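**Q** Handing you this structure, nothing more for now.
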Amino acid sequence: MNLFTLAIAYLRSRLLASVLQVLLLAIGLAAIVVMLLVSTQLADRVERDTRGIDLVVGAKGSPLQLVLSSVFHVDSPTGNIPYAEAMKLSRHPLVKKAIPLALGDTWRGYRIVGTEHALVEHYGASLATGRLWSAQMQAVVGAEAARAGGAGGAPLKLGDTIIGSHGLVDGGEAHDEHPYEVVGILAPTGGVIDRLVLVSVETVWDVHPLPPAAAAAPGSPAAAAPVPAAGAAPARDDGHGHAGHSHARPAAKAGAKPHSHSHSHSHAHDHPHDDAAVAGSPGGDVAGADGSTKPAPGRELTALLIQYSSPMAAAQLPRLVNSATAMQAASPAAESVRLNRLVGVGVETLRVFAWVLLVAAGLALFISLYGALSERSRDLAMLRVLGARRGSLLLLLLLEGLLLCAAGGAIGLLAGHALTEWLGRSVPALSQWALTGWTFAPGEGWLVALALLIGAFASMLPAVLAYRTDIAKVLARG
Amino acid sequence: MTVLEVNALSHRYGNATVVEMPAWSVAAGEPWLLLGASGSGKTTLLHCLAGILVPTQGSVKVGGTELGSLHGSALDRFRGRHIGLLPQRLHLIDCLNVIDNLLLAQYAAGLPRDAAAARGALEALGLAGRAHERPHRLSFGQQQRVALARALINRPTLVLADEPTSNLDDGNCAAALDLLLDQAGRSGAALVIATHDQRVKGRIERRVELTGGMAVPA
């Protein structure tokens with residue numbers, strides 16, 4: 001028997017009120033914890049995923065959507081851009097690094113990204129096992145995507161085949177005839193690349209034959225642009241056996257030339273046997289393909305990730321892209337700020353709601369302790385008669401408030417983390433952000449202090465009144 | 001040995017003198033009655049004796065200690081260890097079970113919790129089986145015995161009982177009185193019973209009559 005057990009006994013004697021107060025406080029705190037965890041993790045994620053990407057160039061549309069789709073891989077792309085035009089831009093002197101992205105398919109909700117090895121390097125990812133792709137239909141899988149699974153829930157391993165489905169949401173038409181072979185698995189980075197399946201740009205093109213209309217639209221401005229670009233590498237172009245190459249392709253892929261350009265431009269040194277793999281791909285020999293004589297109409301990319309070579313580029317390049325081409329340029333940094341502002345309204349609402357709950361919890365605690373005071377006055381007086389000091393009564397009341405709030409704080413924190421973990425796992429829109437409850441956000445320590453402060457504050461007046469109990473008066477009243 | 005000594009005590013609320021007691025002395029183990037009609041100032045006097053009220057004038061000594069010389073928590077401590085109070089309304093702590101009520105008295109007085117002593121006290125009062133019940137589940141007689149056990153648990157030298165028989169029928173009144181006298185006698189405590197109950201008068205010789213606020217030992 002001591003003050004602590006006595007406080008517990010009193011709390012238990014009004015169990016319902018105690019539980020309600022704990023819950024009220026816990027809900028308020030949990031809401032704040034979720035907010036803290038989500039916002040810090042999103043901010044972290046945004047910071048990490050946009051690092052080193054100064055500009056995203058893609059099809060015209062919402063710049064925010066462009067950044068979301070190409071940097072964070074959460075939204076659908078704005079459209080496609082002509083490959084040749086993208087390549088032309090990538091050779092601009094203000095561009096230090098340009099990484100092409102070709103999107104379109106997913107595997108179990110993980111995006112299949114046609115790109116170059118430079119993307120792996122850019123995100124600082126390293127291979128956990130295997131090697132990078134060197135031929136078409138070879139895939140390198142990000143850590144999280146790999147963990148999610150091969151057959152029967154087991155992690156993917158080298159040599160497994162995966163089948164993409166069309167579109168960026170689950171449930172698209174499966175590309176059964178185009179299985180990818182897993183040749184490499186990346187080590188976890190904590191960034192967006194963990195959730196990607198990487199293949200060569202050519203692979204994406206192969207899986208998505210161009211519709212004849214697109215292939216035969218040399219007159220369109222987009223298709224016209226590539227000519228000089230393609231011509232920029234004539235020597236290498238000539239060095240390739242064009243005839244054999246393009247003949248192996250289906251008619252619909254008449255635009256094979258740029259492909260071979262890009263190929264020789266950026267990959268020739270790493271995988272010289274690429275052509276052999278292409279030649280062996282299904283589709284058979286279709287006569288009449290004249291890609292060898294026509295320059296590359298219609299090959300497309302989804303976006304280009306650009307790093308500036310000089311600070312001057314920030315002033316010039318976006319304007320150049322937006323005004324002089326059919327493409328648009330979006331700055332991940334600026335769009336992230338915009339995103340924050342948009343999300344900020346919701347977060348702010350939740351924050352106000354959480355604070356209202358906390359104030360209500362404090363008020364409820366105060367009312368409960370204060371209200372119970374008159375019926376407890378005889379008990380308190382009797383405690384004094386039995387020898388308890390005034391200070392002990394003060395402590396008893398404070399202790400009750402603090403115990404409730406400590407319980408509310410502990411439950412709130414626990415619930416906040418559990419809720420965040422659950423959100424991360426089961427809300428599709430959030431699961432793409434790899435939310436986890438298994439981490440602490442800065443400021444959570446303050447929440448515990450805040451909970452105790454609410455307890456101290458709410459029980460202060462009742463405690464002082466208990467301290468001042470006039471025992472003679474209370475006992476005389478009977 | 002003198003356990004309680006009162007000298008020129010008077011207590012006023014505002015200008016009205018509620019109770020006055022020129023002199024009184026109680027020896028160890030003596031039972032006394034404090035007789036007076038309702039509102040005659042019995043409870044006020046009892047509170048002065050218990051150190052719950054500080055009298056406006058005069059002195060109260062318990063076991064040789066002048067209560068007026070003790071302040072704040074020292075007075076609380078002293079009261080807890082040396083004075084046992086049996087209030088009319090008992091004031092058992094209802095969120096604690098019977099045995100915890102006794103242990104609380106030890107804790108409040110700053111004494112070590114002695115569960116064996118608490119169980120012994122309950123056993124002596126025939127409450128051994130109710131140790132883990134809440135007070136409100138007991139009969140009034142049982143509750144009164146628990147309150148008595150609580151008043152005696154710290155072996156006080158002075159026990160003050162306020163109207164202990166007012167709610168009891170004749171049979172229970174006699175039994176309660178027997179118990180009070182017996183228990184106080186066993187622990188060697190002086191016993192002061194404040195009452196207006198005529199049935200009690202025959203049992204105890206020593207008495208203080210309170211009339212018009214003037215307390216005179218007879």
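Letters for chains follow the order of the structure tokens (A, B, ...), residue numbers begin at 1 for each chain, and ligand numbers begin at 1 in the order shown.
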So which residues of segment 81-186 of chain B fall under alpha helix (DSSP H) by DSSP, listed as a ChimeraX atom specification?

**A** /B:81-82,98-108,115-124,140-152,170-186

**Q** Any chance you could export the current selection's C-alpha atoms as a short mmCIF file (atom, residue, chain, number, x, y, z; two decimals), in the first residue's frame?

**A**
data_model
loop_
_atom_site.label_atom_id
_atom_site.label_comp_id
_atom_site.auth_asym_id
_atom_site.auth_seq_id
_atom_site.Cartn_x
_atom_site.Cartn_y
_atom_site.Cartn_z
CA ARG B 81 0.66 7.42 15.21
CA HIS B 82 -0.82 8.38 18.56
CA VAL B 98 -10.74 -4.31 4.03
CA ILE B 99 -7.14 -5.31 4.65
CA ASP B 100 -5.81 -2.52 2.43
CA ASN B 101 -7.81 -0.05 4.52
CA LEU B 102 -5.79 -1.19 7.52
CA LEU B 103 -2.51 -1.12 5.61
CA LEU B 104 -3.36 2.38 4.41
CA ALA B 105 -3.55 3.52 8.04
CA GLN B 106 -0.03 2.21 8.57
CA TYR B 107 1.21 3.83 5.37
CA ALA B 108 -0.44 7.18 6.10
CA ALA B 115 0.15 -7.35 6.90
CA ALA B 116 0.39 -9.93 9.68
CA ALA B 117 -0.71 -7.37 12.26
CA ALA B 118 -3.55 -6.26 9.99
CA ARG B 119 -4.74 -9.84 9.55
CA GLY B 120 -4.45 -10.40 13.29
CA ALA B 121 -6.61 -7.36 13.98
CA LEU B 122 -9.28 -8.56 11.54
CA GLU B 123 -9.21 -12.01 13.05
CA ALA B 124 -9.68 -10.59 16.54
CA PHE B 140 -22.82 -1.72 9.01
CA GLY B 141 -21.71 -3.65 12.09
CA GLN B 142 -18.88 -5.24 10.16
CA GLN B 143 -17.90 -1.93 8.65
CA GLN B 144 -17.80 -0.40 12.11
CA ARG B 145 -15.49 -3.17 13.26
CA VAL B 146 -13.21 -2.53 10.31
CA ALA B 147 -13.14 1.16 11.19
CA LEU B 148 -12.34 0.23 14.78
CA ALA B 149 -9.54 -2.06 13.65
CA ARG B 150 -8.20 0.79 11.54
CA ALA B 151 -8.35 3.21 14.48
CA LEU B 152 -6.38 0.76 16.60
CA ASP B 170 -30.13 -2.05 21.35
CA GLY B 171 -28.48 -5.42 20.87
CA ASN B 172 -25.89 -4.14 18.47
CA CYS B 173 -25.37 -1.05 20.58
CA ALA B 174 -24.33 -3.16 23.57
CA ALA B 175 -22.14 -5.36 21.39
CA ALA B 176 -20.43 -2.38 19.78
CA LEU B 177 -19.77 -0.83 23.14
CA ASP B 178 -18.38 -4.10 24.49
CA LEU B 179 -16.08 -4.31 21.52
CA LEU B 180 -14.86 -0.74 21.88
CA LEU B 181 -14.13 -1.13 25.57
CA ASP B 182 -12.54 -4.51 25.06
CA GLN B 183 -10.31 -3.48 22.17
CA ALA B 184 -9.25 -0.18 23.72
CA GLY B 185 -8.56 -1.99 26.97
CA ARG B 186 -6.41 -4.61 25.24
#

**Q** Please identify all polymer residues within 12 Å of Gly41 of chain B, counting only C-alpha atoms, omitting same-chain residues fewer than 4 positions from it, and present them as a ChimeraX atom specification.

**A** /A:476 /B:10-13,16-21,34-37,45-48,162,194-196,209-215

**Q** Counting only C-alpha atoms, which residues of chain B come no farther than 6 Å from chain A, as a list in words?

**A**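 My answer is Ile52, Ser73, Asp76, Arg77, Arg79, Gly80, Cys95, Ala105, Ala108 and Ala109 of chain B.
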
**Q** Can you tell me how far atom CA of Ala8 of chain B sits from atom CA of Val60 of chain B, in Å to one decimal?

**A**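 Calculated distance between atom CA of Ala8 of chain B and atom CA of Val60 of chain B is 9.0 Å.
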
**Q** What are the DSSP strand (DSSP E) residues of segment 101-172 of chain A, as a PDB file with C-alpha atoms, in the first residue's frame?

**A**
ATOM      1  CA  LEU A 101      12.992   6.323 -68.741  1.00  0.00           C
ATOM      2  CA  ALA A 102      10.504   4.247 -70.692  1.00  0.00           C
ATOM      3  CA  LEU A 103       7.486   3.265 -68.620  1.00  0.00           C
ATOM      4  CA  GLY A 104       4.415   1.306 -69.444  1.00  0.00           C
ATOM      5  CA  ASP A 105       4.299  -2.029 -67.697  1.00  0.00           C
ATOM      6  CA  THR A 106       4.262  -3.371 -64.208  1.00  0.00           C
ATOM      7  CA  TRP A 107       5.042  -6.623 -62.553  1.00  0.00           C
ATOM      8  CA  TYR A 110       6.164  -2.857 -59.401  1.00  0.00           C
ATOM      9  CA  ARG A 111       6.992  -0.697 -62.372  1.00  0.00           C
ATOM     10  CA  ILE A 112       9.054  -2.025 -65.196  1.00  0.00           C
ATOM     11  CA  VAL A 113      11.349   0.771 -66.242  1.00  0.00           C
ATOM     12  CA  GLY A 114      13.262   0.788 -69.469  1.00  0.00           C
ATOM     13  CA  THR A 115      16.404   2.737 -68.784  1.00  0.00           C
ATOM     14  CA  LEU A 127      23.864  -5.475 -57.057  1.00  0.00           C
ATOM     15  CA  ALA A 128      23.101  -7.903 -54.287  1.00  0.00           C
ATOM     16  CA  THR A 129      23.479 -10.714 -56.744  1.00  0.00           C
ATOM     17  CA  GLY A 130      23.815 -11.230 -60.470  1.00  0.00           C
ATOM     18  CA  GLN A 138      16.789  -9.236 -69.140  1.00  0.00           C
ATOM     19  CA  ALA A 139      15.642  -7.595 -65.920  1.00  0.00           C
ATOM     20  CA  VAL A 140      17.340  -6.290 -62.801  1.00  0.00           C
ATOM     21  CA  VAL A 141      14.952  -6.198 -59.873  1.00  0.00           C
ATOM     22  CA  THR A 161      11.192 -15.314 -65.289  1.00  0.00           C
ATOM     23  CA  ILE A 162       8.696 -12.597 -64.645  1.00  0.00           C
ATOM     24  CA  ILE A 163       5.792 -11.565 -66.781  1.00  0.00           C
ATOM     25  CA  GLY A 164       4.808  -7.953 -66.966  1.00  0.00           C
ATOM     26  CA  SER A 165       1.303  -6.734 -67.292  1.00  0.00           C
ATOM     27  CA  HIS A 166       0.323  -3.810 -69.386  1.00  0.00           C
TER      28      HIS A 166
END

**Q** So that I can check the surroundings of Pro442 of chain A, please list as an MDAnalysis selection string every protein, DNA and RNA residue that reaches within 12 Å of it, counting only C-alpha atoms and ignoring chain neighbours fewer than 6 positions away.

**A** chainID A and resid 33 35:41

**Q** Would you export the selected residues with N, CA and C atoms as a PDB file, in the first residue's frame, please?

**A**
ATOM      1  N   VAL A  33       1.249  11.194 -33.922  1.00  0.00           N
ATOM      2  CA  VAL A  33       2.363  10.304 -34.245  1.00  0.00           C
ATOM      3  C   VAL A  33       2.307   9.894 -35.719  1.00  0.00           C
ATOM      4  N   MET A  35       0.941  11.476 -38.095  1.00  0.00           N
ATOM      5  CA  MET A  35       1.293  12.641 -38.904  1.00  0.00           C
ATOM      6  C   MET A  35       2.803  12.849 -38.949  1.00  0.00           C
ATOM      7  N   LEU A  36       3.420  12.739 -37.784  1.00  0.00           N
ATOM      8  CA  LEU A  36       4.870  12.929 -37.713  1.00  0.00           C
ATOM      9  C   LEU A  36       5.589  11.881 -38.551  1.00  0.00           C
ATOM     10  N   LEU A  37       5.175  10.615 -38.344  1.00  0.00           N
ATOM     11  CA  LEU A  37       5.856   9.524 -39.041  1.00  0.00           C
ATOM     12  C   LEU A  37       5.690   9.653 -40.548  1.00  0.00           C
ATOM     13  N   VAL A  38       4.449   9.890 -40.967  1.00  0.00           N
ATOM     14  CA  VAL A  38       4.192   9.972 -42.403  1.00  0.00           C
ATOM     15  C   VAL A  38       4.936  11.163 -43.006  1.00  0.00           C
ATOM     16  N   SER A  39       4.827  12.315 -42.352  1.00  0.00           N
ATOM     17  CA  SER A  39       5.429  13.487 -42.984  1.00  0.00           C
ATOM     18  C   SER A  39       6.950  13.406 -42.990  1.00  0.00           C
ATOM     19  N   THR A  40       7.553  12.885 -41.919  1.00  0.00           N
ATOM     20  CA  THR A  40       9.023  12.804 -41.960  1.00  0.00           C
ATOM     21  C   THR A  40       9.476  11.758 -42.968  1.00  0.00           C
ATOM     22  N   GLN A  41       8.733  10.653 -43.018  1.00  0.00           N
ATOM     23  CA  GLN A  41       9.161   9.627 -43.972  1.00  0.00           C
ATOM     24  C   GLN A  41       8.972  10.085 -45.412  1.00  0.00           C
TER      25      GLN A  41
END

**Q** When you draw a straight line from atom CA of Pro55 of chain B to atom CA of Leu9 of chain B, how long is it in Å?

**A**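 Computing the Euclidean distance for atom CA of Pro55 of chain B and atom CA of Leu9 of chain B yields 6.8 Å.
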
**Q** Which is closer to Gln57 of chain B than all the others in B:Val159, B:Val6, B:Ile193, B:Leu125, using only C-alpha atoms?

**A**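 Of all the options, B:Val6 lies closest to Gln57 of chain B.
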
**Q** Mind giving me the straight-line distance from atom CA of Leu89 of chain A to atom CA of Tyr123 of chain A in Å, one decimal?

**A**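 Going from atom CA of Leu89 of chain A over to atom CA of Tyr123 of chain A covers 21.7 Å.
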
**Q** Restricting the calculation to only C-alpha atoms: of A:Val197, A:Met87, A:Ala148, A:Ile367, which residue gets closest to Leu119 of chain A?

**A**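 Smallest distance to Leu119 of chain A is found for A:Val197.
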